[in-house]
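Structure first, commentary second.
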Amino acid sequence: MKRKRLVCAVYPGSFDPITNGHVYIAERAAAIFDEVRVSILLNLQKQYTFDVEERRAIASEALSHLPNVTVDSFTGLLVDYVRQQDAQVIVRGLRAMSDFEYEFQMALMNRQLAPEIETFFIVTDAQYSYLSSSVVRDIFRLGGSMDNMLPQGALRRLRERFQAHSHKTE
Ligand code: ADP
């Protein structure tokens, strides 16, 4: 009998930090694919609030309830990494129409580079449709909080980061 081929998906992003919107996408991907790798991008041109080790630690904690989800990090071209991982699918989350244009362009570009890899879009839950890591960071920087939108570890580290920062600049 032919053995069923395992389907492995990579869910790439900055995850700076991971939000409940990201966790929601990872949960839905985990219900479909055999293995899901949440892969944190280290783009040397970009400045992050949390370094890659911190982002990995926050994400690992937030996803620990999902046995077929692992957290990893990568640099360089996404399709090279996906091939290296022996994965067949790239998962991306879609919020409003505003995500679509960029995501569509990336998906077509990645197909051009690696036609065997499929990009798979998962639509977010309505409650997370306006949630992004950058909005979360701005709110914390200004002294606000978004308790129900973030995993505990992300909340704790954001508070530490921005409270420590505001003491330093006082
Ligand atoms: P990137 O810098 O690659 O956009 P992000 O960490 O911002 O990295 O997002 C990674 C992926 O998760 C993207 O596909 C993005 O559209 C998706 N995403 C971000 N926030 C949400 C959310 N609130 N709900 C669903 N998907 C989301």
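Identifiers in this document derive from the order of the structure tokens: chains are assigned A, B, ..., residues are numbered from 1 separately in each chain, and ligands are numbered from 1 in order of occurrence.
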Please report, as a tab-separated table, each residue of segment 21-117 of chain A lying at most 9 Å from segment 122-133 of chain A, together with the nearest pair of atoms and the separation in Å rounded to one decimal; use only C-alpha atoms, and order rows by chain and ascending residue number.
```
residue	atom	partner	partner_atom	distance
A:Gly21	CA	A:Tyr128	CA	5.3
A:His22	CA	A:Thr124	CA	8.7
A:Tyr24	CA	A:Thr124	CA	7.3
A:Ile25	CA	A:Ile122	CA	6.5
A:Arg28	CA	A:Ile122	CA	7.8
A:Ala29	CA	A:Ile122	CA	7.8
A:Val91	CA	A:Ile122	CA	7.3
A:Arg92	CA	A:Ile122	CA	6.4
A:Gly93	CA	A:Ile122	CA	5.0
A:Leu94	CA	A:Val123	CA	4.8
A:Arg95	CA	A:Ser129	CA	5.0
A:Ala96	CA	A:Ser129	CA	6.5
```
Could those residues be written to a file, using all heavy atoms, as a tab-separated table (two decimals), in the first residue's frame?
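selection-v1.tsv, freshly written:
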```
chain	number	residue	atom	x	y	z
A	21	GLY	N	-4.03	36.97	16.55
A	21	GLY	CA	-4.39	36.80	15.14
A	21	GLY	C	-3.48	35.76	14.48
A	21	GLY	O	-3.94	34.88	13.75
A	22	HIS	N	-2.18	35.84	14.76
A	22	HIS	CA	-1.23	34.84	14.24
A	22	HIS	C	-1.55	33.45	14.82
A	22	HIS	O	-1.49	32.45	14.11
A	22	HIS	CB	0.21	35.20	14.64
A	22	HIS	CG	0.76	36.44	14.03
A	22	HIS	ND1	1.28	37.48	14.77
A	22	HIS	CD2	0.90	36.82	12.73
A	22	HIS	CE1	1.73	38.43	13.98
A	22	HIS	NE2	1.49	38.06	12.73
A	24	TYR	N	-4.33	32.30	15.82
A	24	TYR	CA	-5.55	31.79	15.18
A	24	TYR	C	-5.22	31.13	13.83
A	24	TYR	O	-5.70	30.04	13.52
A	24	TYR	CB	-6.52	32.97	14.99
A	24	TYR	CG	-7.83	32.60	14.35
A	24	TYR	CD1	-8.86	32.04	15.09
A	24	TYR	CD2	-8.04	32.82	12.98
A	24	TYR	CE1	-10.07	31.69	14.49
A	24	TYR	CE2	-9.24	32.47	12.37
A	24	TYR	CZ	-10.25	31.92	13.14
A	24	TYR	OH	-11.44	31.58	12.54
A	25	ILE	N	-4.39	31.78	13.04
A	25	ILE	CA	-4.00	31.23	11.73
A	25	ILE	C	-3.21	29.92	11.93
A	25	ILE	O	-3.45	28.92	11.24
A	25	ILE	CB	-3.15	32.25	10.93
A	25	ILE	CG1	-3.94	33.53	10.65
A	25	ILE	CG2	-2.62	31.64	9.62
A	25	ILE	CD1	-5.20	33.39	9.82
A	28	ARG	N	-5.59	27.06	12.80
A	28	ARG	CA	-6.36	26.56	11.66
A	28	ARG	C	-5.47	25.80	10.69
A	28	ARG	O	-5.87	24.77	10.14
A	28	ARG	CB	-7.10	27.70	10.95
A	28	ARG	CG	-8.14	28.35	11.87
A	28	ARG	CD	-9.10	29.23	11.13
A	28	ARG	NE	-10.06	28.48	10.36
A	28	ARG	CZ	-11.28	28.15	10.78
A	28	ARG	NH1	-11.69	28.50	11.99
A	28	ARG	NH2	-12.09	27.48	10.00
A	29	ALA	N	-4.23	26.25	10.52
A	29	ALA	CA	-3.29	25.54	9.66
A	29	ALA	C	-2.96	24.17	10.26
A	29	ALA	O	-2.88	23.17	9.55
A	29	ALA	CB	-2.02	26.37	9.47
A	91	VAL	N	1.86	29.17	4.20
A	91	VAL	CA	0.59	29.67	4.74
A	91	VAL	C	0.73	31.15	5.02
A	91	VAL	O	1.73	31.60	5.57
A	91	VAL	CB	0.23	28.93	6.06
A	91	VAL	CG1	-0.89	29.64	6.81
A	91	VAL	CG2	-0.18	27.49	5.78
A	92	ARG	N	-0.28	31.92	4.64
A	92	ARG	CA	-0.33	33.34	5.00
A	92	ARG	C	-1.73	33.67	5.48
A	92	ARG	O	-2.71	33.06	5.05
A	92	ARG	CB	0.02	34.22	3.79
A	92	ARG	CG	1.44	34.04	3.28
A	92	ARG	CD	2.49	34.67	4.15
A	92	ARG	NE	2.47	36.12	4.06
A	92	ARG	CZ	3.27	36.90	4.79
A	92	ARG	NH1	4.14	36.38	5.66
A	92	ARG	NH2	3.22	38.21	4.67
A	93	GLY	N	-1.82	34.64	6.37
A	93	GLY	CA	-3.12	35.06	6.89
A	93	GLY	C	-3.63	36.25	6.10
A	93	GLY	O	-2.85	37.10	5.67
A	94	LEU	N	-4.93	36.32	5.92
A	94	LEU	CA	-5.52	37.47	5.24
A	94	LEU	C	-6.47	38.20	6.17
A	94	LEU	O	-7.37	37.60	6.76
A	94	LEU	CB	-6.31	37.03	4.01
A	94	LEU	CG	-5.57	36.75	2.71
A	94	LEU	CD1	-6.58	36.44	1.61
A	94	LEU	CD2	-4.68	37.92	2.29
A	95	ARG	N	-6.24	39.48	6.29
A	95	ARG	CA	-7.16	40.32	7.07
A	95	ARG	C	-8.08	41.03	6.07
A	95	ARG	O	-8.86	40.41	5.41
A	95	ARG	CB	-6.37	41.30	7.94
A	95	ARG	CG	-5.75	40.65	9.15
A	95	ARG	CD	-4.67	41.49	9.75
A	95	ARG	NE	-3.55	41.61	8.82
A	95	ARG	CZ	-2.37	42.11	9.11
A	95	ARG	NH1	-2.15	42.60	10.30
A	95	ARG	NH2	-1.42	42.17	8.22
A	96	ALA	N	-7.93	42.32	5.94
A	96	ALA	CA	-8.83	43.06	5.04
A	96	ALA	C	-8.30	42.99	3.61
A	96	ALA	O	-7.27	42.41	3.34
A	96	ALA	CB	-8.92	44.49	5.52
```
(request) Taking the chain letters and numbering used in this document, name the residues of chain A that DSSP puts in alpha helix (DSSP H), as a PyMOL selection string. (result) chain A and resi 20-32+52-62+78-84+97-113+133-141+152-169
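Among the candidates A:Tyr81, A:Phe50, A:Phe162, A:Phe33, the residue lying nearest to Pro17 of chain A is A:Phe50 (atoms considered: only C-alpha atoms).
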(request) Just give me the gap between atom CA of Ser14 of chain A and atom CA of Thr75 of chain A in Å, one decimal is fine. (result)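 Those two atoms sit 11.1 Å apart.
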(message) Run DSSP on the backbone and tell me which residues of chain A come out as strand (DSSP E or B); list them as a VMD selection string.
(response) chain A and resid 8 to 13 35 to 41 69 to 74 89 to 94 118 to 123
(message) Report, in Å to a single decimal, how far apart atom CA of Arg161 of chain A and atom CA of Asp72 of chain A are.
(response) 22.8 Å
(request) Might you pull out every residue within 12 Å of Arg141 of chain A, with only C-alpha atoms counted and same-chain residues fewer than 2 positions away left off, and present them as a PyMOL selection string? (result) chain A and resi 49+134-139+143-146+158-166
(request) List the neighbours of segment 6-9 of chain A out to 7 Å using only C-alpha atoms; skip same-chain residues closer than 4 positions along the sequence, and give me the result as a ChimeraX atom specification. (result) /A:33-37,87-91
Could the residues in this selection be saved with N, CA and C atoms as an mmCIF file, in the first residue's frame?
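Dumped everything to selection-v9.cif:
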```
data_model
loop_
_atom_site.group_PDB
_atom_site.id
_atom_site.type_symbol
_atom_site.label_atom_id
_atom_site.label_comp_id
_atom_site.auth_asym_id
_atom_site.auth_seq_id
_atom_site.Cartn_x
_atom_site.Cartn_y
_atom_site.Cartn_z
ATOM 1 N N PHE A 33 -2.834 20.730 8.031
ATOM 2 C CA PHE A 33 -1.560 20.153 7.581
ATOM 3 C C PHE A 33 -0.975 19.226 8.645
ATOM 4 N N ASP A 34 -0.143 18.281 8.185
ATOM 5 C CA ASP A 34 0.468 17.347 9.133
ATOM 6 C C ASP A 34 1.438 18.069 10.067
ATOM 7 N N GLU A 35 2.228 18.944 9.463
ATOM 8 C CA GLU A 35 3.191 19.712 10.263
ATOM 9 C C GLU A 35 3.128 21.167 9.841
ATOM 10 N N VAL A 36 3.231 22.047 10.819
ATOM 11 C CA VAL A 36 3.276 23.483 10.522
ATOM 12 C C VAL A 36 4.520 24.059 11.197
ATOM 13 N N ARG A 37 5.304 24.774 10.409
ATOM 14 C CA ARG A 37 6.490 25.424 10.965
ATOM 15 C C ARG A 37 6.239 26.929 10.952
ATOM 16 N N ALA A 87 9.138 21.318 2.741
ATOM 17 C CA ALA A 87 7.729 21.698 2.891
ATOM 18 C C ALA A 87 7.137 21.947 1.511
ATOM 19 N N GLN A 88 5.807 21.838 1.409
ATOM 20 C CA GLN A 88 5.144 22.013 0.121
ATOM 21 C C GLN A 88 4.271 23.263 0.067
ATOM 22 N N VAL A 89 4.004 23.834 1.245
ATOM 23 C CA VAL A 89 2.996 24.901 1.318
ATOM 24 C C VAL A 89 3.529 26.085 2.118
ATOM 25 N N ILE A 90 3.154 27.294 1.657
ATOM 26 C CA ILE A 90 3.389 28.520 2.436
ATOM 27 C C ILE A 90 2.021 28.992 2.910
ATOM 28 N N VAL A 91 1.858 29.166 4.200
ATOM 29 C CA VAL A 91 0.585 29.665 4.742
ATOM 30 C C VAL A 91 0.726 31.154 5.019
#
```
(request) Go through A:Phe120, A:Pro67, A:Arg83, A:Asp147 one by one, measure the shortest atom-to-atom distance of each to ligand 1 using only C-alpha atoms and all ligand atoms, and give the residue with the smallest value. (result) A:Phe120
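What separates atom CA of Ser64 of chain A from atom CA of Ala30 of chain A is a distance of 12.1 Å.
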